[in-house]
>>> print(open('protein-v8.tsv').read())   # TSV, C-alpha atoms
chain	number	residue	atom	x	y	z
K	1	MET	CA	0.00	0.00	0.00
K	2	LEU	CA	1.33	3.43	-0.96
K	3	ARG	CA	1.62	6.19	1.57
K	4	GLY	CA	-1.69	8.05	1.87
K	5	GLU	CA	-3.79	5.19	0.45
K	6	ARG	CA	-6.62	3.73	2.50
K	7	ALA	CA	-6.70	-0.01	3.04
K	8	GLY	CA	-9.40	-1.54	0.84
K	9	ALA	CA	-9.74	1.57	-1.33
K	10	VAL	CA	-11.80	1.09	-4.49
K	11	PRO	CA	-10.74	3.03	-7.62
K	12	LEU	CA	-13.17	5.68	-8.77
K	13	VAL	CA	-15.00	4.99	-12.02
K	14	VAL	CA	-16.59	7.96	-13.77
K	15	ARG	CA	-19.12	7.35	-16.55
K	16	VAL	CA	-20.58	10.24	-18.52
K	17	ASP	CA	-23.87	9.80	-20.37
K	18	VAL	CA	-24.67	12.60	-22.80
K	19	VAL	CA	-27.52	10.98	-24.69
K	20	ASP	CA	-29.27	14.26	-23.88
K	21	PRO	CA	-26.51	16.91	-23.98
K	22	VAL	CA	-28.70	19.40	-22.13
K	23	ARG	CA	-29.14	16.98	-19.23
K	24	PRO	CA	-25.95	14.90	-18.98
K	25	VAL	CA	-25.66	12.33	-16.20
K	26	VAL	CA	-22.33	11.62	-14.56
K	27	THR	CA	-22.26	8.30	-12.70
K	28	VAL	CA	-19.56	7.53	-10.17
K	29	GLY	CA	-18.65	4.34	-8.37
K	30	GLY	CA	-15.92	3.51	-5.88
K	31	ASP	CA	-14.05	5.91	-3.63
K	32	LEU	CA	-14.07	9.67	-4.19
K	33	ASP	CA	-11.08	11.06	-2.34
K	34	PHE	CA	-7.94	13.15	-2.64
K	35	GLN	CA	-6.24	10.65	-4.95
K	36	THR	CA	-9.22	9.95	-7.23
K	37	SER	CA	-11.14	13.23	-7.40
K	38	GLY	CA	-9.24	14.72	-10.35
K	39	SER	CA	-11.05	12.73	-13.03
K	40	LEU	CA	-14.49	13.66	-11.66
K	41	ARG	CA	-13.53	17.31	-11.25
K	42	ALA	CA	-12.33	17.40	-14.89
K	43	GLU	CA	-15.50	15.79	-16.27
K	44	LEU	CA	-17.80	18.06	-14.28
K	45	ALA	CA	-15.81	21.14	-15.31
K	46	ARG	CA	-16.02	20.12	-18.96
K	47	LEU	CA	-19.81	19.74	-18.74
K	48	LEU	CA	-20.46	22.85	-16.65
K	49	ASP	CA	-17.99	25.27	-18.23
K	50	GLY	CA	-19.44	24.91	-21.72
K	51	GLY	CA	-22.81	26.30	-20.74
K	52	ALA	CA	-24.73	23.97	-23.09
K	53	ALA	CA	-26.18	21.86	-20.28
K	54	ALA	CA	-29.29	23.09	-18.49
K	55	ARG	CA	-28.90	20.44	-15.78
K	56	VAL	CA	-26.04	18.16	-14.77
K	57	THR	CA	-26.89	15.20	-12.58
K	58	LEU	CA	-24.28	13.39	-10.53
K	59	ASP	CA	-25.43	9.83	-9.79
K	60	VAL	CA	-23.60	8.78	-6.63
K	61	ALA	CA	-25.41	5.47	-6.00
K	62	GLY	CA	-22.19	3.52	-6.56
K	63	LEU	CA	-20.09	5.67	-4.25
K	64	ARG	CA	-18.49	3.71	-1.38
K	65	PHE	CA	-16.44	6.43	0.30
K	66	ILE	CA	-15.95	10.20	0.14
K	67	ASP	CA	-13.49	12.48	1.91
K	68	SER	CA	-13.37	16.27	2.18
K	69	THR	CA	-11.72	16.58	-1.23
K	70	GLY	CA	-14.56	14.62	-2.86
K	71	LEU	CA	-17.11	16.76	-1.06
K	72	ALA	CA	-15.27	19.87	-2.28
K	73	VAL	CA	-15.58	18.62	-5.88
K	74	ILE	CA	-19.35	18.38	-5.45
K	75	VAL	CA	-19.59	21.85	-3.88
K	76	HIS	CA	-17.36	23.33	-6.59
K	77	ALA	CA	-19.52	21.78	-9.33
K	78	TRP	CA	-22.64	23.19	-7.70
K	79	ARG	CA	-21.04	26.65	-7.46
K	80	VAL	CA	-19.89	26.67	-11.10
K	81	GLY	CA	-23.33	25.49	-12.20
K	82	HIS	CA	-25.09	28.02	-10.02
K	83	GLU	CA	-22.97	30.87	-11.38
K	84	SER	CA	-23.56	29.80	-15.00
K	85	GLY	CA	-27.27	29.07	-14.51
K	86	THR	CA	-26.87	25.30	-14.88
K	87	ALA	CA	-28.77	23.20	-12.37
K	88	PHE	CA	-26.62	20.64	-10.56
K	89	ASP	CA	-28.10	17.82	-8.54
K	90	LEU	CA	-27.30	14.48	-6.99
K	91	SER	CA	-29.21	11.27	-7.48
K	92	GLY	CA	-28.99	7.88	-5.81
K	93	THR	CA	-27.47	9.33	-2.64
K	94	PRO	CA	-26.37	6.50	-0.32
K	95	PRO	CA	-27.24	6.85	3.39
K	96	PHE	CA	-23.66	7.55	4.48
K	97	LEU	CA	-23.42	10.45	2.01
K	98	ALA	CA	-26.86	11.78	2.96
K	99	THR	CA	-25.63	12.02	6.55
K	100	ILE	CA	-22.45	13.83	5.49
K	101	LEU	CA	-24.45	16.26	3.34
K	102	GLU	CA	-26.82	16.97	6.21
K	103	VAL	CA	-24.12	17.42	8.87
K	104	THR	CA	-22.01	19.71	6.66
K	105	GLY	CA	-24.93	21.76	5.32
K	106	VAL	CA	-24.02	20.85	1.74
K	107	GLY	CA	-27.43	19.24	1.28
K	108	GLU	CA	-29.12	22.61	1.83
K	109	LEU	CA	-26.70	24.24	-0.59
K	110	LEU	CA	-27.48	21.70	-3.31
K	111	ALA	CA	-31.20	22.32	-2.83
K	112	ARG	CA	-30.88	25.94	-4.00
K	113	PRO	CA	-32.23	26.44	-7.53
K	114	SER	CA	-30.05	27.65	-10.39
K	115	ALA	CA	-30.63	31.00	-12.03
K	116	ARG	CA	-31.50	29.51	-15.46
K	117	PRO	CA	-34.70	27.53	-15.94
K	118	ASP	CA	-34.28	23.88	-16.92
K	119	THR	CA	-35.05	23.48	-20.64
K	120	ALA	CA	-35.25	20.58	-23.04
K	121	TRP	CA	-33.12	20.26	-26.15
K	122	GLY	CA	-32.15	17.62	-28.75
K	123	ALA	CA	-30.30	14.34	-28.13
K	124	ALA	CA	-27.08	12.68	-29.15
K	125	ASP	CA	-25.81	9.20	-28.50
K	126	ALA	CA	-22.49	9.48	-26.70
K	127	THR	CA	-21.17	7.78	-23.58
K	128	TRP	CA	-17.63	7.30	-22.31
K	129	GLU	CA	-15.91	6.15	-19.15
K	130	THR	CA	-12.77	7.18	-17.29
K	131	THR	CA	-11.03	5.70	-14.29
K	132	GLY	CA	-9.12	7.63	-11.71
>>> encode(input="protein-v8.tsv", output="structure tokens")
Amino acid sequence: MLRGERAGAVPLVVRVDVVDPVRPVVTVGGDLDFQTSGSLRAELARLLDGGAAARVTLDVAGLRFIDSTGLAVIVHAWRVGHESGTAFDLSGTPPFLATILEVTGVGELLARPSARPDTAWGAADATWETTG
């Protein structure tokens, strides 16, 4: 085990589904921590910085662990989305993460609406996966 790694850590898998480019869904599984958060941060930034998406959903049902760095990625994505008028939300929140969101107040933050109304737009068939 390398220094700084947790015993039993599970690599983060990030899957991006842009079948509907206005409402992309980013699905994560594994551990979201200091060592793995870069790939998720990059994918969320790519989707949120372009301004084409009206809503970005982060499906966290497969998440097994999150540390403060992972939580910061979620908060940062919400902030970028909020500033650009893109709604950002979580789906499939596991109980351990729901507790963390409640205790830290991040859950209330994520509940705030974006400035731009959610709109529908065409579709494309594109999906890819990265590991971190």
>>> residues_around(input="protein-v8.tsv", residues="Leu44 in chain K", least_positions_apart="4", cutoff="8 Å", atoms="only C-alpha atoms", output="VMD selection string")
chain K and resid 26 40 48 77
>>> closest_residue(input="protein-v8.tsv", among="K:Val19, K:Leu97, K:Ala87, K:Ala42", to="Ala111 in chain K", atoms="all atoms listed in the file")
K:Ala87
>>> residues_around(input="protein-v8.tsv", residues="Gly62 in chain K", least_positions_apart="4", cutoff="8 Å", atoms="all atoms listed in the file", output="list in words")
Thr27, Val28, Gly29 and Gly30 of chain K
>>> atom_distance(input="protein-v8.tsv", atom1="CA of Asp89 in chain K", atom2="CA of Phe34 in chain K")
21.5 Å
>>> atom_distance(input="protein-v8.tsv", atom1="CA of Thr36 in chain K", atom2="CA of Asp67 in chain K")
10.4 Å
>>> axis_aligned_box(input="protein-v8.tsv", around="range 81-85 of chain K", padding_each_side="4 Å", output="AutoDock Vina command-line options")
--center_x -25.1 --center_y 28.2 --center_z -12.5 --size_x 12.3 --size_y 13.4 --size_z 13.0
>>> atom_distance(input="protein-v8.tsv", atom1="CA of Leu63 in chain K", atom2="CA of Val18 in chain K")
20.3 Å
>>> closest_residue(input="protein-v8.tsv", among="K:Arg64, K:Arg79, K:Arg15, K:Arg23", to="Leu110 in chain K", atoms="only C-alpha atoms")
K:Arg79
>>> residues_around(input="protein-v8.tsv", residues="Leu109 in chain K", least_positions_apart="4", cutoff="9 Å", atoms="all atoms listed in the file", output="list in words")
Val75, Trp78 and Gly105 of chain K
>>> closest_residue(input="protein-v8.tsv", among="K:Ile66, K:Ala72, K:Leu101, K:Val106", to="Ala9 in chain K", atoms="only C-alpha atoms")
K:Ile66
>>> residues_around(input="protein-v8.tsv", residues="His76 in chain K", least_positions_apart="5", cutoff="10 Å", atoms="all atoms listed in the file", output="number ranges by chain")
K: 41, 44-45, 70-71, 81-82
>>> closest_residue(input="protein-v8.tsv", among="K:Leu12, K:Val80, K:Ala53, K:Val60", to="Pro95 in chain K", atoms="all atoms listed in the file")
K:Val60
>>> closest_residue(input="protein-v8.tsv", among="K:Val22, K:Thr69, K:Gln35, K:Ser84", to="Val56 in chain K", atoms="all atoms listed in the file")
K:Val22
>>> closest_residue(input="protein-v8.tsv", among="K:Leu32, K:Val13, K:Leu90, K:Val25", to="Val73 in chain K", atoms="all atoms listed in the file")
K:Leu32
